[in-house]
$ cat target-v5.txt   # compact mmCIF, C-alpha atoms and all ligand atoms
# COMPACT_ATOMS: atom_id res chain seq x y z
CA MET A 17 -100.00 85.13 38.48
CA ASN A 18 -98.02 84.11 41.52
CA SER A 19 -96.50 80.80 42.49
CA ASN A 20 -99.25 80.13 45.02
CA ILE A 21 -101.87 79.90 42.32
CA PHE A 22 -102.28 76.16 42.70
CA SER A 23 -101.92 75.96 46.44
CA PRO A 24 -105.63 75.56 47.31
CA LEU A 25 -105.88 72.60 44.94
CA GLY A 26 -104.47 69.21 45.91
CA CYS A 27 -101.69 67.73 43.80
CA CYS A 28 -104.03 65.20 42.18
CA ASP A 29 -106.94 67.58 41.72
CA GLU A 30 -108.76 66.71 38.51
CA ARG A 31 -108.70 70.32 37.31
CA LEU A 32 -104.92 70.41 37.42
CA VAL A 33 -104.40 66.91 36.06
CA THR A 34 -106.76 67.23 33.10
CA ASP A 35 -105.65 70.75 32.21
CA PHE A 36 -102.04 69.59 32.23
CA VAL A 37 -102.64 66.40 30.24
CA ASP A 38 -104.85 68.15 27.69
CA LYS A 39 -102.38 71.01 27.35
CA ARG A 40 -104.78 73.67 28.54
CA MET A 41 -102.17 75.29 30.78
CA THR A 42 -99.87 78.06 29.70
CA LYS A 43 -96.18 77.21 29.70
CA LYS A 44 -95.77 79.07 32.95
CA GLU A 45 -98.69 77.30 34.63
CA ALA A 46 -97.41 73.91 33.48
CA THR A 47 -93.95 74.66 34.83
CA LEU A 48 -95.41 75.72 38.17
CA TYR A 49 -97.54 72.62 38.34
CA LEU A 50 -94.59 70.36 37.60
CA ARG A 51 -92.65 72.14 40.34
CA LYS A 52 -95.54 71.58 42.73
CA ILE A 53 -95.46 67.88 41.94
CA GLU A 54 -91.71 67.66 42.36
CA ASN A 55 -92.12 69.30 45.72
CA CYS A 56 -94.91 66.90 46.57
CA ALA A 57 -92.54 63.96 46.06
CA LYS A 58 -89.76 65.58 48.09
CA VAL A 59 -91.75 66.96 51.00
CA LYS A 60 -94.77 64.68 51.28
CA ASN A 61 -93.17 61.67 49.62
CA CYS A 62 -96.22 61.56 47.34
CA GLN A 63 -95.76 59.64 44.06
CA ARG A 64 -99.43 59.53 43.18
CA CYS A 65 -99.71 62.78 41.26
CA LYS A 66 -96.57 62.17 39.19
CA LYS A 67 -97.78 58.69 38.26
CA LEU A 68 -101.21 60.00 37.37
CA LEU A 69 -99.76 62.59 34.99
CA ASP A 70 -97.45 60.06 33.36
CA ASP A 71 -100.12 57.41 32.94
CA PHE A 72 -102.76 59.78 31.63
CA THR A 73 -100.28 61.28 29.18
CA ILE A 74 -99.43 57.80 27.85
CA LEU A 75 -103.10 56.90 27.71
CA LYS A 76 -103.92 60.03 25.75
CA GLU A 77 -101.12 59.30 23.29
CA GLY A 78 -102.47 55.77 22.90
CA CYS A 79 -105.94 57.12 22.14
CA THR A 80 -104.63 59.71 19.70
CA SER A 81 -102.71 57.03 17.81
CA MET A 82 -106.04 55.22 17.36
CA LYS A 83 -107.43 58.07 15.32
CA GLN A 84 -108.15 56.73 11.88
CA PRO A 85 -107.88 58.47 8.53
CA LEU A 86 -111.53 57.76 7.80
CA VAL A 87 -113.36 59.64 5.08
CA MET A 88 -117.00 59.50 4.14
CA PRO A 89 -117.49 56.85 1.42
CA ASP A 90 -118.05 58.34 -2.05
CA THR A 91 -121.38 56.55 -2.45
CA LEU A 92 -122.80 58.24 0.62
CA GLU A 93 -121.32 61.60 -0.31
CA HIS A 94 -122.92 61.45 -3.77
CA LYS A 95 -126.23 60.31 -2.38
CA LEU A 96 -126.38 63.24 0.04
CA LEU A 97 -125.16 65.76 -2.53
CA ASN A 98 -127.81 64.55 -4.97
CA ARG A 99 -130.51 65.16 -2.38
CA LEU A 100 -129.21 68.68 -1.87
CA HIS A 101 -129.17 69.34 -5.61
CA GLU A 102 -132.72 68.05 -5.95
CA ALA A 103 -133.79 70.44 -3.23
CA LEU A 104 -132.01 73.25 -5.02
CA ILE A 105 -133.79 72.47 -8.30
CA GLN A 106 -137.13 72.40 -6.49
CA THR A 107 -136.61 75.88 -5.03
CA LYS A 108 -135.57 77.20 -8.46
CA ASN A 109 -138.75 75.84 -10.03
CA LYS A 110 -140.95 77.41 -7.37
CA MET B 27 -134.94 76.76 2.46
CA ASN B 28 -133.78 79.32 -0.08
CA GLN B 29 -130.95 78.85 -2.58
CA GLU B 30 -128.44 80.70 -0.44
CA ASP B 31 -129.16 78.45 2.52
CA ILE B 32 -128.84 75.33 0.42
CA ALA B 33 -125.52 76.56 -0.95
CA LEU B 34 -124.32 77.34 2.57
CA PHE B 35 -125.44 73.93 3.81
CA GLU B 36 -123.57 72.29 0.94
CA ARG B 37 -120.41 74.16 1.90
CA TYR B 38 -120.74 72.95 5.48
CA PHE B 39 -121.43 69.44 4.24
CA LEU B 40 -118.27 69.33 2.14
CA GLU B 41 -116.21 70.81 4.95
CA TYR B 42 -117.39 68.51 7.73
CA LYS B 43 -118.60 65.30 6.06
CA ASP B 44 -115.46 63.35 6.94
CA ASP B 45 -115.41 64.55 10.56
CA VAL B 46 -119.05 63.62 10.97
CA TYR B 47 -118.54 60.22 9.40
CA ARG B 48 -115.45 59.48 11.50
CA VAL B 49 -117.20 60.35 14.78
CA ALA B 50 -120.20 58.28 13.64
CA TYR B 51 -117.79 55.39 13.20
CA TYR B 52 -116.32 55.84 16.68
CA PHE B 53 -119.81 55.94 18.13
CA THR B 54 -121.26 52.96 16.26
CA ARG B 55 -118.07 50.92 15.87
CA ASN B 56 -118.86 49.72 12.38
CA LYS B 57 -118.97 51.20 8.91
CA ASP B 58 -122.55 50.36 7.90
CA ASP B 59 -124.04 51.87 11.03
CA ALA B 60 -121.70 54.85 10.71
CA GLU B 61 -123.04 55.54 7.19
CA ASP B 62 -126.62 55.37 8.41
CA LEU B 63 -125.89 57.57 11.39
CA ALA B 64 -123.97 60.20 9.38
CA GLN B 65 -126.73 60.25 6.77
CA ASP B 66 -129.46 60.65 9.39
CA ALA B 67 -127.48 63.44 11.02
CA PHE B 68 -127.07 65.40 7.77
CA MET B 69 -130.71 64.87 6.80
CA ARG B 70 -131.94 66.10 10.16
CA ALA B 71 -129.50 69.01 10.11
CA TYR B 72 -130.83 69.93 6.67
CA ARG B 73 -134.43 69.80 7.85
CA PHE B 74 -133.70 72.00 10.85
CA PHE B 75 -131.10 74.24 9.25
CA TYR B 76 -133.41 77.23 9.73
CA ARG B 77 -132.82 76.82 13.47
CA PHE B 78 -129.04 76.93 13.14
CA HIS B 79 -127.60 80.24 14.36
CA ARG B 80 -125.32 81.49 11.63
CA ASP B 81 -122.69 82.76 14.04
CA SER B 82 -122.34 79.44 15.86
CA ASN B 83 -120.23 76.43 15.05
CA PHE B 84 -121.76 74.06 12.49
CA LYS B 85 -119.54 71.14 13.43
CA SER B 86 -120.61 71.31 17.10
CA TRP B 87 -124.21 71.66 16.03
CA ILE B 88 -124.28 68.65 13.72
CA LEU B 89 -122.25 66.49 16.10
CA ARG B 90 -124.78 67.30 18.78
CA ILE B 91 -127.62 66.29 16.45
CA MET B 92 -125.80 63.09 15.58
CA ARG B 93 -125.06 62.22 19.18
CA ASN B 94 -128.74 62.60 20.06
CA ILE B 95 -129.75 60.32 17.18
CA TYR B 96 -127.14 57.82 18.28
CA LEU B 97 -128.34 57.80 21.89
CA THR B 98 -131.95 57.37 20.76
CA ASN B 99 -130.89 54.43 18.58
CA VAL B 100 -128.95 52.87 21.43
CA GLN B 101 -131.96 53.21 23.70
CA LYS B 102 -134.10 51.53 21.08
CA ASN B 103 -131.40 48.86 20.90
CA LYS B 104 -131.16 49.31 17.16
CA SER B 105 -127.44 49.87 17.12
CA THR B 106 -125.42 46.73 16.67
CA ILE B 107 -122.41 46.62 18.94
CA ASN B 108 -119.53 45.27 16.94
CA ALA B 109 -116.11 46.20 18.19
CA ASP B 110 -114.31 43.63 16.04
CA GLU B 111 -114.08 45.71 12.89
CA LEU B 112 -112.62 48.68 14.74
CA ILE B 113 -110.21 46.45 16.60
CA GLN B 114 -108.94 44.56 13.57
CA SER B 115 -107.88 47.69 11.74
CA THR B 116 -105.27 48.73 14.30
CA ALA B 117 -104.67 45.45 16.06
CA THR B 118 -100.94 45.21 15.59
CA SER B 119 -99.58 48.37 17.17
CA THR B 120 -98.14 48.09 20.67
CA ILE B 121 -97.09 50.70 23.20
CA ASN B 122 -93.64 50.50 24.72
CA VAL B 123 -93.24 52.25 28.03
CA GLU B 124 -91.26 51.82 31.21
CA SER B 125 -94.27 51.96 33.48
CA ASN B 126 -96.21 48.81 34.29
CA PHE B 127 -99.24 50.76 33.20
CA LEU B 128 -99.93 49.93 29.57
CA GLN B 129 -96.72 47.93 29.33
CA GLY B 130 -96.91 45.68 26.31
CA ILE B 131 -100.56 46.48 25.97
CA GLN B 132 -101.86 46.64 22.44
CA ILE B 133 -103.88 49.50 21.07
CA LYS B 134 -106.76 47.07 20.65
CA GLN B 135 -106.88 46.59 24.41
CA ILE B 136 -107.25 50.33 24.90
CA GLN B 137 -110.01 50.26 22.31
CA LYS B 138 -111.76 47.43 24.08
CA ALA B 139 -111.47 49.25 27.40
CA ILE B 140 -112.96 52.39 25.83
CA GLU B 141 -115.81 50.31 24.36
CA LYS B 142 -116.68 49.09 27.83
CA LEU B 143 -116.78 52.52 29.44
CA PRO B 144 -120.16 53.89 30.47
CA GLU B 145 -121.53 56.04 27.62
CA ASP B 146 -121.01 59.33 29.51
CA PHE B 147 -117.29 58.66 29.80
CA ARG B 148 -116.87 57.00 26.41
CA GLU B 149 -118.23 59.97 24.49
CA VAL B 150 -115.96 62.55 26.17
CA ILE B 151 -112.91 60.33 25.62
CA ILE B 152 -113.85 59.93 21.94
CA LEU B 153 -114.39 63.65 21.45
CA CYS B 154 -111.33 64.76 23.43
CA ASP B 155 -108.68 62.08 22.89
CA LEU B 156 -109.62 60.66 19.50
CA GLU B 157 -111.12 63.74 17.86
CA SER B 158 -108.90 66.27 19.69
CA LEU B 159 -111.78 68.70 20.22
CA PRO B 160 -111.32 71.44 22.84
CA TYR B 161 -113.36 71.25 26.08
CA GLU B 162 -115.43 74.24 24.98
CA GLN B 163 -116.65 72.46 21.86
CA ILE B 164 -117.29 69.19 23.73
CA ALA B 165 -119.35 71.14 26.26
CA GLU B 166 -121.36 72.60 23.38
CA ILE B 167 -121.95 69.23 21.73
CA LEU B 168 -122.98 67.49 24.94
CA LYS B 169 -124.75 70.56 26.42
CA ILE B 170 -122.90 70.21 29.73
CA PRO B 171 -120.65 72.68 31.61
CA ILE B 172 -116.89 72.59 30.95
CA GLY B 173 -116.36 71.46 34.55
CA THR B 174 -118.46 68.38 33.80
CA VAL B 175 -116.47 67.66 30.63
CA ARG B 176 -113.33 67.79 32.72
CA SER B 177 -114.57 65.58 35.52
CA ARG B 178 -116.01 63.00 33.10
CA LEU B 179 -112.66 62.90 31.31
CA HIS B 180 -110.85 62.48 34.59
CA ARG B 181 -113.12 59.71 35.83
CA GLY B 182 -113.12 58.00 32.45
CA ARG B 183 -109.34 58.01 32.39
CA LEU B 184 -109.17 56.71 35.96
CA LEU B 185 -111.41 53.83 34.92
CA LEU B 186 -109.29 53.11 31.83
CA LYS B 187 -106.11 53.28 33.89
CA GLU B 188 -107.52 50.86 36.43
CA ARG B 189 -108.61 48.42 33.74
CA LEU B 190 -105.38 48.62 31.76
CA THR B 191 -102.88 48.40 34.60
CA VAL B 192 -100.91 45.18 34.71
CA HIS B 193 -101.01 44.01 38.29
CA GLU B 194 -97.90 42.06 39.10
ZN ZN A 201 -98.86 64.49 45.12
$ encode --input "target-v5.txt" --output "structure tokens" --more "lines below"
Ligand SMILES: [Zn+2]
Amino acid sequence: MNSNIFSPLGCCDERLVTDFVDKRMTKKEATLYLRKIENCAKVKNCQRCKKLLDDFTILKEGCTSMKQPLVMPDTLEHKLLNRLHEALIQTKNK
Amino acid sequence: MNQEDIALFERYFLEYKDDVYRVAYYFTRNKDDAEDLAQDAFMRAYRFFYRFHRDSNFKSWILRIMRNIYLTNVQKNKSTINADELIQSTATSTINVESNFLQGIQIKQIQKAIEKLPEDFREVIILCDLESLPYEQIAEILKIPIGTVRSRLHRGRLLLKERLTVHE
């Protein structure tokens, strides 16, 4: 991989942004992308891509913190297991 | 179904019941509907278990079944939309950040914003950001290409960002 790998894609390209935010880049790719963004701010005076990454990262963290420790209620679990066991008994009696 | 299949199905059930129930809850937004939906999903999965390819991923398969049942229910308008229960349970946490985006915004506001997203965006955000599933699995569940998963996520997040930004 060379450092031009991202050059055809714009700084705010959804492929780069989502892959970065969702940690689908290798360490090296992420470093290169961050460098591209830094450069974007310096050369093109573009703040958009940096802001997008920051905001999406915060948003994702917010969503992840919403994840609840939910488990299937025992009553439902037993009901479904009973149905399976009934089916099992039926096949054994066949 | 033979005894081996039933035993295998039971193993899958015990392994994934909580995941299935939790996603059902995110979809339906309340516990009663989540129970019904999870139950329907397991019953249908059981009925069609002979169609399940043994080398594929059971969790993706059953989540796909469940999502289809959910969408059918929504279309029939049978699903009751009740965001309050979901919101109450995590209402107190707040995010502290420097940016004006999300500043002082409570988790419940993010939840509300997610609730209001168009279904196509809401489901990818649920599967990716709440359930932490990889794009590949989301693509399998929704039967769409990975590129579409990515662009729906991106557009969904742009919408959320727009709706959650504090304009001063
Ligand atoms: Zn830029």
$ interface_residues --input "target-v5.txt" --of "chain B" --to "chain A" --cutoff "6 Å" --atoms "only C-alpha atoms" --output "compact mmCIF listing (two decimals) with C-alpha atoms, keeping the file's coordinate frame"
# COMPACT_ATOMS: atom_id res chain seq x y z
CA ASP B 44 -115.46 63.35 6.94
CA TYR B 47 -118.54 60.22 9.40
CA ARG B 48 -115.45 59.48 11.50
CA ASP B 155 -108.68 62.08 22.89
CA LEU B 156 -109.62 60.66 19.50
$ closest_residue --input "target-v5.txt" --among "B:Phe53, B:Asp58, B:Tyr72, B:Arg80" --to "Val150 of chain B" --atoms "only C-alpha atoms"
B:Phe53
$ residues_near_ligand --input "target-v5.txt" --ligand "ligand ZN 201 (chain A)" --cutoff "8 Å" --atoms "only C-alpha atoms and all ligand atoms" --output "list in words"
Gly26, Cys27, Cys28, Ile53, Cys56, Ala57, Lys60, Asn61, Cys62, Gln63, Arg64, Cys65 and Lys66 of chain A
$ atom_distance --input "target-v5.txt" --atom1 "atom CA of Leu153 of chain B" --atom2 "atom CA of Lys39 of chain A"
15.3 Å
$ atom_distance --input "target-v5.txt" --atom1 "atom CA of Gly173 of chain B" --atom2 "atom CA of Asn55 of chain A"
26.8 Å
$ atom_distance --input "target-v5.txt" --atom1 "atom CA of Arg37 of chain B" --atom2 "atom CA of His94 of chain A"
14.1 Å
$ residues_around --input "target-v5.txt" --residues "Asp62 of chain B" --least-positions-apart "5" --cutoff "9 Å" --atoms "all atoms listed in the file" --output "ChimeraX atom specification"
/B:50,57,67
$ write_last_selection --input "target-v5.txt" --atoms "C-alpha atoms" --output "CSV table (one decimal), keeping the file's coordinate frame"
chain,number,residue,atom,x,y,z
B,50,ALA,CA,-120.2,58.3,13.6
B,57,LYS,CA,-119.0,51.2,8.9
B,67,ALA,CA,-127.5,63.4,11.0
$ closest_residue --input "target-v5.txt" --among "B:Gln135, B:Phe68, B:Leu63, B:Ile164" --to "Thr98 of chain B" --atoms "all atoms listed in the file"
B:Leu63
$ residues_around --input "target-v5.txt" --residues "Ile167 of chain B" --least-positions-apart "4" --cutoff "12 Å" --atoms "all atoms listed in the file" --output "list of chain:residue names"
B:Ser82, B:Asn83, B:Phe84, B:Lys85, B:Ser86, B:Trp87, B:Ile88, B:Leu89, B:Arg90, B:Ile91, B:Met92, B:Arg93, B:Asn94, B:Glu149, B:Val150, B:Leu153, B:Cys154, B:Leu159, B:Pro160, B:Tyr161, B:Glu162, B:Gln163, B:Pro171, B:Ile172, B:Val175
$ closest_residue --input "target-v5.txt" --among "A:Val37, A:Thr42, A:Asn109, A:Val59" --to "Thr73 of chain A" --atoms "all atoms listed in the file"
A:Val37
$ residues_around --input "target-v5.txt" --residues "Ala139 of chain B" --least-positions-apart "5" --cutoff "8 Å" --atoms "all atoms listed in the file" --output "ChimeraX atom specification"
/B:186,189-190
$ closest_residue --input "target-v5.txt" --among "B:Leu143, B:Arg176, B:Leu184, B:Phe39" --to "Ala71 of chain B" --atoms "all atoms listed in the file"
B:Phe39
